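File shown here: upload15.pdb, holding PDB, C-alpha atoms.
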ATOM      1  CA  MET A   1      21.455-127.178 -25.024
ATOM      2  CA  SER A   2      19.917-124.566 -27.338
ATOM      3  CA  LEU A   3      19.263-120.991 -26.223
ATOM      4  CA  PHE A   4      15.638-119.918 -26.631
ATOM      5  CA  VAL A   5      14.694-116.302 -25.886
ATOM      6  CA  ILE A   6      11.224-114.767 -25.936
ATOM      7  CA  VAL A   7      10.471-111.057 -25.585
ATOM      8  CA  ARG A   8       7.187-109.218 -25.383
ATOM      9  CA  HIS A   9       7.355-106.131 -27.620
ATOM     10  CA  GLY A  10       8.132-102.756 -26.076
ATOM     11  CA  GLN A  11       5.363-100.459 -24.896
ATOM     12  CA  SER A  12       2.995 -99.449 -27.703
ATOM     13  CA  GLN A  13       0.959 -96.266 -27.967
ATOM     14  CA  TRP A  14      -2.227 -98.070 -26.949
ATOM     15  CA  ASN A  15      -0.427 -99.767 -24.042
ATOM     16  CA  ALA A  16       0.439 -96.281 -22.815
ATOM     17  CA  GLU A  17      -3.192 -95.181 -23.242
ATOM     18  CA  ASN A  18      -4.456 -98.277 -21.371
ATOM     19  CA  ARG A  19      -6.473 -99.439 -24.369
ATOM     20  CA  PHE A  20      -7.152-102.958 -25.614
ATOM     21  CA  THR A  21      -4.788-103.308 -28.564
ATOM     22  CA  GLY A  22      -5.203-106.883 -29.762
ATOM     23  CA  ALA A  23      -4.727-107.324 -33.505
ATOM     24  CA  THR A  24      -4.619-103.564 -34.134
ATOM     25  CA  ASN A  25      -1.350-102.081 -35.403
ATOM     26  CA  THR A  26      -0.112 -99.359 -33.055
ATOM     27  CA  PRO A  27       3.435 -97.945 -32.994
ATOM     28  CA  LEU A  28       5.966 -98.204 -30.208
ATOM     29  CA  THR A  29       6.252 -95.258 -27.856
ATOM     30  CA  ASP A  30       9.610 -93.658 -27.050
ATOM     31  CA  LEU A  31       9.564 -95.792 -23.885
ATOM     32  CA  GLY A  32       8.839 -98.879 -25.990
ATOM     33  CA  ARG A  33      11.839 -98.216 -28.198
ATOM     34  CA  HIS A  34      13.957 -97.674 -25.086
ATOM     35  CA  GLU A  35      12.711-100.980 -23.641
ATOM     36  CA  ALA A  36      13.693-102.764 -26.844
ATOM     37  CA  ARG A  37      17.192-101.257 -26.729
ATOM     38  CA  GLU A  38      17.546-102.258 -23.077
ATOM     39  CA  ALA A  39      16.457-105.803 -23.935
ATOM     40  CA  GLY A  40      19.213-105.963 -26.519
ATOM     41  CA  LYS A  41      21.775-104.582 -24.076
ATOM     42  CA  LEU A  42      20.735-107.149 -21.463
ATOM     43  CA  LEU A  43      21.106-110.026 -23.911
ATOM     44  CA  LYS A  44      24.461-108.730 -25.093
ATOM     45  CA  ALA A  45      25.809-108.145 -21.583
ATOM     46  CA  LYS A  46      24.905-111.506 -20.072
ATOM     47  CA  GLN A  47      26.029-113.854 -22.814
ATOM     48  CA  PRO A  48      26.438-112.325 -26.262
ATOM     49  CA  PRO A  49      23.959-114.365 -28.314
ATOM     50  CA  ASP A  50      24.488-115.585 -31.853
ATOM     51  CA  PHE A  51      20.957-116.334 -32.951
ATOM     52  CA  ALA A  52      20.393-118.527 -35.986
ATOM     53  CA  ILE A  53      16.893-117.244 -36.733
ATOM     54  CA  GLY A  54      14.207-114.965 -35.326
ATOM     55  CA  PHE A  55      10.418-115.107 -35.303
ATOM     56  CA  THR A  56       7.829-112.353 -34.900
ATOM     57  CA  SER A  57       4.169-111.720 -35.497
ATOM     58  CA  VAL A  58       3.150-109.597 -38.474
ATOM     59  CA  LEU A  59       2.249-106.650 -36.211
ATOM     60  CA  GLN A  60       4.525-103.634 -36.430
ATOM     61  CA  ARG A  61       5.236-103.227 -32.719
ATOM     62  CA  ALA A  62       6.758-106.720 -32.598
ATOM     63  CA  ILE A  63       8.661-106.231 -35.854
ATOM     64  CA  ASP A  64      10.122-102.904 -34.683
ATOM     65  CA  THR A  65      11.088-104.357 -31.293
ATOM     66  CA  MET A  66      12.893-107.216 -33.033
ATOM     67  CA  ASP A  67      14.731-104.783 -35.331
ATOM     68  CA  ILE A  68      15.906-102.656 -32.403
ATOM     69  CA  ILE A  69      17.096-105.678 -30.404
ATOM     70  CA  LEU A  70      18.989-107.099 -33.375
ATOM     71  CA  ASP A  71      20.636-103.763 -34.084
ATOM     72  CA  GLU A  72      21.717-103.581 -30.443
ATOM     73  CA  ILE A  73      23.286-107.068 -30.457
ATOM     74  CA  GLY A  74      24.888-106.656 -33.876
ATOM     75  CA  GLN A  75      22.695-109.132 -35.781
ATOM     76  CA  ALA A  76      20.701-106.782 -37.998
ATOM     77  CA  ASN A  77      20.818-109.273 -40.890
ATOM     78  CA  LEU A  78      19.338-112.194 -38.934
ATOM     79  CA  PRO A  79      16.781-114.194 -40.985
ATOM     80  CA  ILE A  80      13.278-113.478 -39.656
ATOM     81  CA  ASP A  81      10.100-115.482 -40.113
ATOM     82  CA  ARG A  82       6.883-113.513 -39.505
ATOM     83  CA  SER A  83       3.564-115.207 -38.920
ATOM     84  CA  GLN A  84       0.034-114.246 -37.949
ATOM     85  CA  ALA A  85       0.118-117.292 -35.688
ATOM     86  CA  LEU A  86       2.189-115.202 -33.242
ATOM     87  CA  ASN A  87      -0.159-112.189 -33.359
ATOM     88  CA  GLU A  88      -1.716-110.834 -30.195
ATOM     89  CA  ARG A  89      -5.117-112.317 -29.419
ATOM     90  CA  MET A  90      -8.032-110.658 -31.160
ATOM     91  CA  TYR A  91      -9.997-108.657 -28.572
ATOM     92  CA  GLY A  92     -13.059-108.219 -30.770
ATOM     93  CA  ASP A  93     -15.440-105.490 -29.604
ATOM     94  CA  LEU A  94     -12.965-104.406 -26.906
ATOM     95  CA  GLN A  95     -10.211-103.388 -29.317
ATOM     96  CA  GLY A  96      -9.470 -99.695 -28.958
ATOM     97  CA  MET A  97     -11.544 -99.394 -25.780
ATOM     98  CA  ASN A  98      -9.983 -97.958 -22.631
ATOM     99  CA  LYS A  99      -9.757-100.723 -20.020
ATOM    100  CA  HIS A 100     -11.313 -98.605 -17.263
ATOM    101  CA  GLU A 101     -14.209 -97.744 -19.559
ATOM    102  CA  ALA A 102     -14.633-101.437 -20.331
ATOM    103  CA  GLU A 103     -14.824-102.209 -16.609
ATOM    104  CA  GLU A 104     -17.488 -99.547 -16.130
ATOM    105  CA  ARG A 105     -19.504-100.941 -19.027
ATOM    106  CA  PHE A 106     -19.144-104.690 -18.470
ATOM    107  CA  GLY A 107     -17.997-104.959 -14.846
ATOM    108  CA  ALA A 108     -14.488-105.453 -13.470
ATOM    109  CA  ASP A 109     -14.930-109.206 -12.885
ATOM    110  CA  GLN A 110     -16.070-109.832 -16.439
ATOM    111  CA  VAL A 111     -13.223-107.800 -17.933
ATOM    112  CA  PHE A 112     -10.715-109.647 -15.748
ATOM    113  CA  ARG A 113     -12.017-112.998 -17.027
ATOM    114  CA  TRP A 114     -11.735-111.753 -20.614
ATOM    115  CA  ARG A 115      -8.188-110.519 -20.030
ATOM    116  CA  ARG A 116      -6.770-113.322 -17.905
ATOM    117  CA  GLY A 117      -9.083-116.326 -18.158
ATOM    118  CA  TYR A 118      -8.296-119.272 -20.390
ATOM    119  CA  VAL A 119     -11.618-119.985 -22.090
ATOM    120  CA  ASP A 120     -13.493-116.680 -21.674
ATOM    121  CA  LYS A 121     -13.559-114.602 -24.840
ATOM    122  CA  PRO A 122     -14.720-111.019 -25.396
ATOM    123  CA  PRO A 123     -17.557-110.430 -27.880
ATOM    124  CA  HIS A 124     -16.314-111.312 -31.392
ATOM    125  CA  GLY A 125     -12.822-111.956 -30.022
ATOM    126  CA  GLU A 126     -10.470-114.803 -29.136
ATOM    127  CA  SER A 127      -9.910-116.574 -25.848
ATOM    128  CA  LEU A 128      -6.434-117.534 -24.658
ATOM    129  CA  ALA A 129      -7.384-121.103 -25.586
ATOM    130  CA  ASP A 130      -8.067-119.931 -29.151
ATOM    131  CA  THR A 131      -4.729-118.149 -29.221
ATOM    132  CA  ARG A 132      -2.922-121.231 -27.956
ATOM    133  CA  ALA A 133      -4.600-123.313 -30.673
ATOM    134  CA  ARG A 134      -2.808-121.273 -33.370
ATOM    135  CA  VAL A 135       0.457-120.572 -31.529
ATOM    136  CA  MET A 136       1.416-124.134 -30.619
ATOM    137  CA  PRO A 137       1.122-125.770 -34.069
ATOM    138  CA  TYR A 138       3.263-122.976 -35.502
ATOM    139  CA  PHE A 139       5.773-123.337 -32.674
ATOM    140  CA  ASN A 140       5.997-127.100 -33.110
ATOM    141  CA  GLN A 141       6.269-126.976 -36.904
ATOM    142  CA  SER A 142       8.378-123.855 -37.490
ATOM    143  CA  ILE A 143      10.322-122.938 -34.335
ATOM    144  CA  LEU A 144      10.994-126.152 -32.426
ATOM    145  CA  PRO A 145      12.947-127.861 -35.261
ATOM    146  CA  HIS A 146      15.612-125.141 -35.032
ATOM    147  CA  LEU A 147      16.003-125.750 -31.309
ATOM    148  CA  GLN A 148      16.149-129.488 -31.865
ATOM    149  CA  ALA A 149      18.980-128.847 -34.327
ATOM    150  CA  GLY A 150      20.898-126.950 -31.645
ATOM    151  CA  GLN A 151      20.264-123.475 -33.062
ATOM    152  CA  PRO A 152      19.652-120.473 -30.765
ATOM    153  CA  VAL A 153      16.308-118.788 -31.474
ATOM    154  CA  LEU A 154      14.778-115.385 -30.656
ATOM    155  CA  VAL A 155      11.006-114.782 -30.634
ATOM    156  CA  VAL A 156       9.425-111.339 -30.254
ATOM    157  CA  ALA A 157       5.658-111.426 -29.905
ATOM    158  CA  HIS A 158       2.832-110.326 -27.603
ATOM    159  CA  GLY A 159       1.553-110.746 -24.079
ATOM    160  CA  ASN A 160      -1.097-113.332 -24.861
ATOM    161  CA  SER A 161       0.599-115.239 -27.669
ATOM    162  CA  LEU A 162       3.602-115.645 -25.359
ATOM    163  CA  ARG A 163       1.421-116.554 -22.358
ATOM    164  CA  ALA A 164      -0.093-119.279 -24.534
ATOM    165  CA  LEU A 165       3.398-120.535 -25.352
ATOM    166  CA  LEU A 166       4.463-120.425 -21.694
ATOM    167  CA  MET A 167       1.710-122.874 -20.802
ATOM    168  CA  ASP A 168       3.598-125.568 -22.707
ATOM    169  CA  LEU A 169       7.163-124.444 -22.025
ATOM    170  CA  GLU A 170       6.643-124.223 -18.261
ATOM    171  CA  HIS A 171       3.698-126.622 -17.861
ATOM    172  CA  ILE A 172       1.351-123.934 -16.538
ATOM    173  CA  SER A 173      -2.265-124.947 -15.972
ATOM    174  CA  PRO A 174      -5.270-123.006 -17.333
ATOM    175  CA  GLU A 175      -6.009-121.934 -13.766
ATOM    176  CA  ASP A 176      -2.490-120.700 -13.018
ATOM    177  CA  ILE A 177      -1.982-118.877 -16.311
ATOM    178  CA  GLU A 178      -4.438-116.259 -15.048
ATOM    179  CA  LYS A 179      -1.736-115.074 -12.641
ATOM    180  CA  VAL A 180       1.008-114.773 -15.273
ATOM    181  CA  GLU A 181       1.859-111.325 -16.600
ATOM    182  CA  LEU A 182       4.706-110.636 -19.019
ATOM    183  CA  ALA A 183       6.286-107.204 -18.833
ATOM    184  CA  THR A 184       7.104-105.358 -22.052
ATOM    185  CA  GLY A 185      10.692-105.522 -23.255
ATOM    186  CA  ILE A 186      12.019-108.048 -20.725
ATOM    187  CA  PRO A 187      13.770-111.094 -22.243
ATOM    188  CA  ARG A 188      12.815-114.507 -20.872
ATOM    189  CA  GLN A 189      15.562-117.034 -21.560
ATOM    190  CA  TYR A 190      15.575-120.820 -21.635
ATOM    191  CA  ASP A 191      17.958-123.669 -22.289
ATOM    192  CA  TYR A 192      16.316-126.302 -24.450
ATOM    193  CA  ASP A 193      17.490-129.870 -23.991
ATOM    194  CA  PRO A 194      16.904-131.736 -27.269
ATOM    195  CA  LYS A 195      17.471-135.096 -25.572
ATOM    196  CA  THR A 196      14.581-134.679 -23.139
ATOM    197  CA  GLY A 197      12.541-132.065 -25.017
ATOM    198  CA  THR A 198      12.426-129.855 -21.923
ATOM    199  CA  PHE A 199      12.904-126.114 -21.410
ATOM    200  CA  HIS A 200      14.838-124.813 -18.409
ATOM    201  CA  LEU A 201      14.164-121.211 -17.397
ATOM    202  CA  LEU A 202      17.394-119.270 -16.891
ATOM    203  CA  PRO A 203      17.826-116.587 -14.204
ATOM    204  CA  VAL A 204      17.475-113.001 -15.370
TER     205      VAL A 204
END
Written as structure tokens, how would this file's structure read?
Amino acid sequence: MSLFVIVRHGQSQWNAENRFTGATNTPLTDLGRHEAREAGKLLKAKQPPDFAIGFTSVLQRAIDTMDIILDEIGQANLPIDRSQALNERMYGDLQGMNKHEAEERFGADQVFRWRRGYVDKPPHGESLADTRARVMPYFNQSILPHLQAGQPVLVVAHGNSLRALLMDLEHISPEDIEKVELATGIPRQYDYDPKTGTFHLLPV
């Protein structure tokens, strides 16, 4: 079995302001940095990990969360691969807009479909299906080989890039993924079985 851990970055400034962040670079809040430290403490307390490699997006909030976690678990020198493939979905015209204001402008049902639906995409933005189409090839080509070799892996990314990944890890349908929400700064841990190619979700 190989340990595979995914973490959504800690709270960002635009998360705190209830704004669509998407591909925009916004810093972590004090709470976000605290969440990252707590994620590291949780990983260290349960079963001190010895990761072989880490992966993040190229967005600063994910990079900073990874750095804080690694400092907390004593692996500050872990090799890291950063890729735009793991970036948050592009929210197009909604980026920077307050979510309540978006609901007033476009309607709550439409905004919900943009946020949680699989194929719906905001104007000039990406759908979750689009996000999945860039996440999964990168996962299969760059991340999975490490797990197949028995190496423990840590990924820090974003709500939607990780939701896209979860669809394959946990066999979640396009209909059911609408109900899935990933909290900031909470590690989600799996055992990967290289013999069967399956991921087993571990209890928190």
Handout entry: Selection result of the PyMOL selection byres ((chain A and resi 8-13) around 8) on this file, as a ChimeraX atom specification
Key = /A:6-7,14-17,26-29,31-36,61-62,65-66,156-159,162,182-187
Practice task
Any chance you could resolve the PyMOL selection byres ((chain A and resi 117) around 12) against this file and give the residues as a ChimeraX atom specification?
Solution key: /A:109-116,118-122,126-130,160,163-164,173-180
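Considering the residues A:Asp50, A:Asp64, A:Glu38, A:Glu103 and counting all atoms listed in the file, A:Val5 has its shortest atom-to-atom contact with A:Asp50.
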Practice task
Would you kindly return, as a ChimeraX atom specification, each protein, DNA or RNA residue with an atom no farther than 10 Å from any atom of A:His200, considering all atoms listed in the file and excluding same-chain residues fewer than 3 positions away?
Solution key: /A:1,3-4,169-170,189-193,203
Exercise for the section: Compare A:Ala85, A:Leu147, A:Val155, A:Val58 by their minimum atom-to-atom distance to A:Ala133, counting only C-alpha atoms, and give me the closest one. Expected result: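 Between A:Ala85, A:Leu147, A:Val155, A:Val58, the residue approaching A:Ala133 most closely is A:Ala85.
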Exercise for the section: Pick out the closest residue to A:Asp81 from this set: A:Ile68, A:Ile143, A:Met167, A:Ala108. Count all atoms listed in the file. Expected result: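 Using all atoms listed in the file, A:Asp81 sits closest to A:Ile143.
One distance worth recording is that between atom CA of A:Leu86 and atom CA of A:Ile69, which is 17.9 Å.
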Would you mind writing stretch 123-134 of chain A with all heavy atoms, as an mmCIF file, keeping the file's coordinate frame?
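What follows is the written file rebuild-v8.cif:
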data_model
loop_
_atom_site.group_PDB
_atom_site.id
_atom_site.type_symbol
_atom_site.label_atom_id
_atom_site.label_comp_id
_atom_site.auth_asym_id
_atom_site.auth_seq_id
_atom_site.Cartn_x
_atom_site.Cartn_y
_atom_site.Cartn_z
ATOM 1 N N PRO A 123 -16.669 -110.347 -26.708
ATOM 2 C CA PRO A 123 -17.557 -110.430 -27.880
ATOM 3 C C PRO A 123 -16.787 -110.289 -29.189
ATOM 4 O O PRO A 123 -16.014 -109.351 -29.369
ATOM 5 C CB PRO A 123 -18.518 -109.250 -27.673
ATOM 6 C CG PRO A 123 -18.509 -109.000 -26.203
ATOM 7 C CD PRO A 123 -17.124 -109.325 -25.741
ATOM 8 N N HIS A 124 -16.951 -111.273 -30.072
ATOM 9 C CA HIS A 124 -16.314 -111.312 -31.392
ATOM 10 C C HIS A 124 -14.794 -111.387 -31.321
ATOM 11 O O HIS A 124 -14.102 -111.036 -32.287
ATOM 12 C CB HIS A 124 -16.740 -110.105 -32.239
ATOM 13 C CG HIS A 124 -18.226 -109.978 -32.373
ATOM 14 N ND1 HIS A 124 -18.943 -108.997 -31.722
ATOM 15 C CD2 HIS A 124 -19.131 -110.725 -33.045
ATOM 16 C CE1 HIS A 124 -20.234 -109.134 -32.002
ATOM 17 N NE2 HIS A 124 -20.369 -110.179 -32.803
ATOM 18 N N GLY A 125 -14.260 -111.852 -30.188
ATOM 19 C CA GLY A 125 -12.822 -111.956 -30.022
ATOM 20 C C GLY A 125 -12.370 -113.372 -29.739
ATOM 21 O O GLY A 125 -13.153 -114.326 -29.807
ATOM 22 N N GLU A 126 -11.073 -113.511 -29.429
ATOM 23 C CA GLU A 126 -10.470 -114.803 -29.136
ATOM 24 C C GLU A 126 -10.273 -114.986 -27.632
ATOM 25 O O GLU A 126 -10.017 -114.020 -26.905
ATOM 26 C CB GLU A 126 -9.080 -114.907 -29.779
ATOM 27 C CG GLU A 126 -9.045 -115.043 -31.277
ATOM 28 C CD GLU A 126 -7.609 -115.182 -31.774
ATOM 29 O OE1 GLU A 126 -6.785 -114.297 -31.476
ATOM 30 O OE2 GLU A 126 -7.332 -116.177 -32.451
ATOM 31 N N SER A 127 -10.337 -116.216 -27.198
ATOM 32 C CA SER A 127 -9.910 -116.574 -25.848
ATOM 33 C C SER A 127 -8.420 -116.912 -25.882
ATOM 34 O O SER A 127 -7.820 -117.050 -26.956
ATOM 35 C CB SER A 127 -10.695 -117.779 -25.341
ATOM 36 O OG SER A 127 -10.382 -118.929 -26.115
ATOM 37 N N LEU A 128 -7.826 -117.082 -24.701
ATOM 38 C CA LEU A 128 -6.434 -117.534 -24.658
ATOM 39 C C LEU A 128 -6.333 -118.945 -25.224
ATOM 40 O O LEU A 128 -5.332 -119.296 -25.871
ATOM 41 C CB LEU A 128 -5.899 -117.484 -23.233
ATOM 42 C CG LEU A 128 -4.414 -117.808 -23.065
ATOM 43 C CD1 LEU A 128 -3.542 -116.847 -23.868
ATOM 44 C CD2 LEU A 128 -4.012 -117.802 -21.593
ATOM 45 N N ALA A 129 -7.368 -119.755 -25.013
ATOM 46 C CA ALA A 129 -7.384 -121.103 -25.586
ATOM 47 C C ALA A 129 -7.355 -121.047 -27.112
ATOM 48 O O ALA A 129 -6.652 -121.834 -27.758
ATOM 49 C CB ALA A 129 -8.621 -121.866 -25.108
ATOM 50 N N ASP A 130 -8.094 -120.108 -27.693
ATOM 51 C CA ASP A 130 -8.067 -119.931 -29.151
ATOM 52 C C ASP A 130 -6.674 -119.528 -29.618
ATOM 53 O O ASP A 130 -6.179 -120.012 -30.651
ATOM 54 C CB ASP A 130 -9.066 -118.852 -29.584
ATOM 55 C CG ASP A 130 -10.513 -119.221 -29.310
ATOM 56 O OD1 ASP A 130 -10.834 -120.420 -29.347
ATOM 57 O OD2 ASP A 130 -11.309 -118.295 -29.061
ATOM 58 N N THR A 131 -6.070 -118.623 -28.868
ATOM 59 C CA THR A 131 -4.729 -118.149 -29.221
ATOM 60 C C THR A 131 -3.728 -119.291 -29.159
ATOM 61 O O THR A 131 -2.892 -119.459 -30.054
ATOM 62 C CB THR A 131 -4.302 -117.011 -28.276
ATOM 63 O OG1 THR A 131 -5.319 -115.997 -28.257
ATOM 64 C CG2 THR A 131 -2.987 -116.392 -28.709
ATOM 65 N N ARG A 132 -3.823 -120.085 -28.107
ATOM 66 C CA ARG A 132 -2.922 -121.231 -27.956
ATOM 67 C C ARG A 132 -3.087 -122.221 -29.111
ATOM 68 O O ARG A 132 -2.109 -122.834 -29.567
ATOM 69 C CB ARG A 132 -3.198 -121.912 -26.628
ATOM 70 C CG ARG A 132 -2.223 -123.019 -26.254
ATOM 71 C CD ARG A 132 -2.641 -123.648 -24.952
ATOM 72 N NE ARG A 132 -1.724 -124.689 -24.503
ATOM 73 C CZ ARG A 132 -1.992 -125.518 -23.498
ATOM 74 N NH1 ARG A 132 -3.151 -125.418 -22.844
ATOM 75 N NH2 ARG A 132 -1.120 -126.450 -23.141
ATOM 76 N N ALA A 133 -4.321 -122.355 -29.598
ATOM 77 C CA ALA A 133 -4.600 -123.313 -30.673
ATOM 78 C C ALA A 133 -3.924 -122.934 -31.984
ATOM 79 O O ALA A 133 -3.742 -123.788 -32.862
ATOM 80 C CB ALA A 133 -6.112 -123.448 -30.885
ATOM 81 N N ARG A 134 -3.548 -121.661 -32.156
ATOM 82 C CA ARG A 134 -2.808 -121.273 -33.370
ATOM 83 C C ARG A 134 -1.315 -121.111 -33.100
ATOM 84 O O ARG A 134 -0.500 -121.319 -33.991
ATOM 85 C CB ARG A 134 -3.392 -120.004 -33.992
ATOM 86 C CG ARG A 134 -3.399 -118.771 -33.106
ATOM 87 C CD ARG A 134 -3.863 -117.549 -33.883
ATOM 88 N NE ARG A 134 -4.295 -116.430 -33.063
ATOM 89 C CZ ARG A 134 -3.471 -115.546 -32.508
ATOM 90 N NH1 ARG A 134 -2.164 -115.664 -32.676
ATOM 91 N NH2 ARG A 134 -3.957 -114.548 -31.794
#
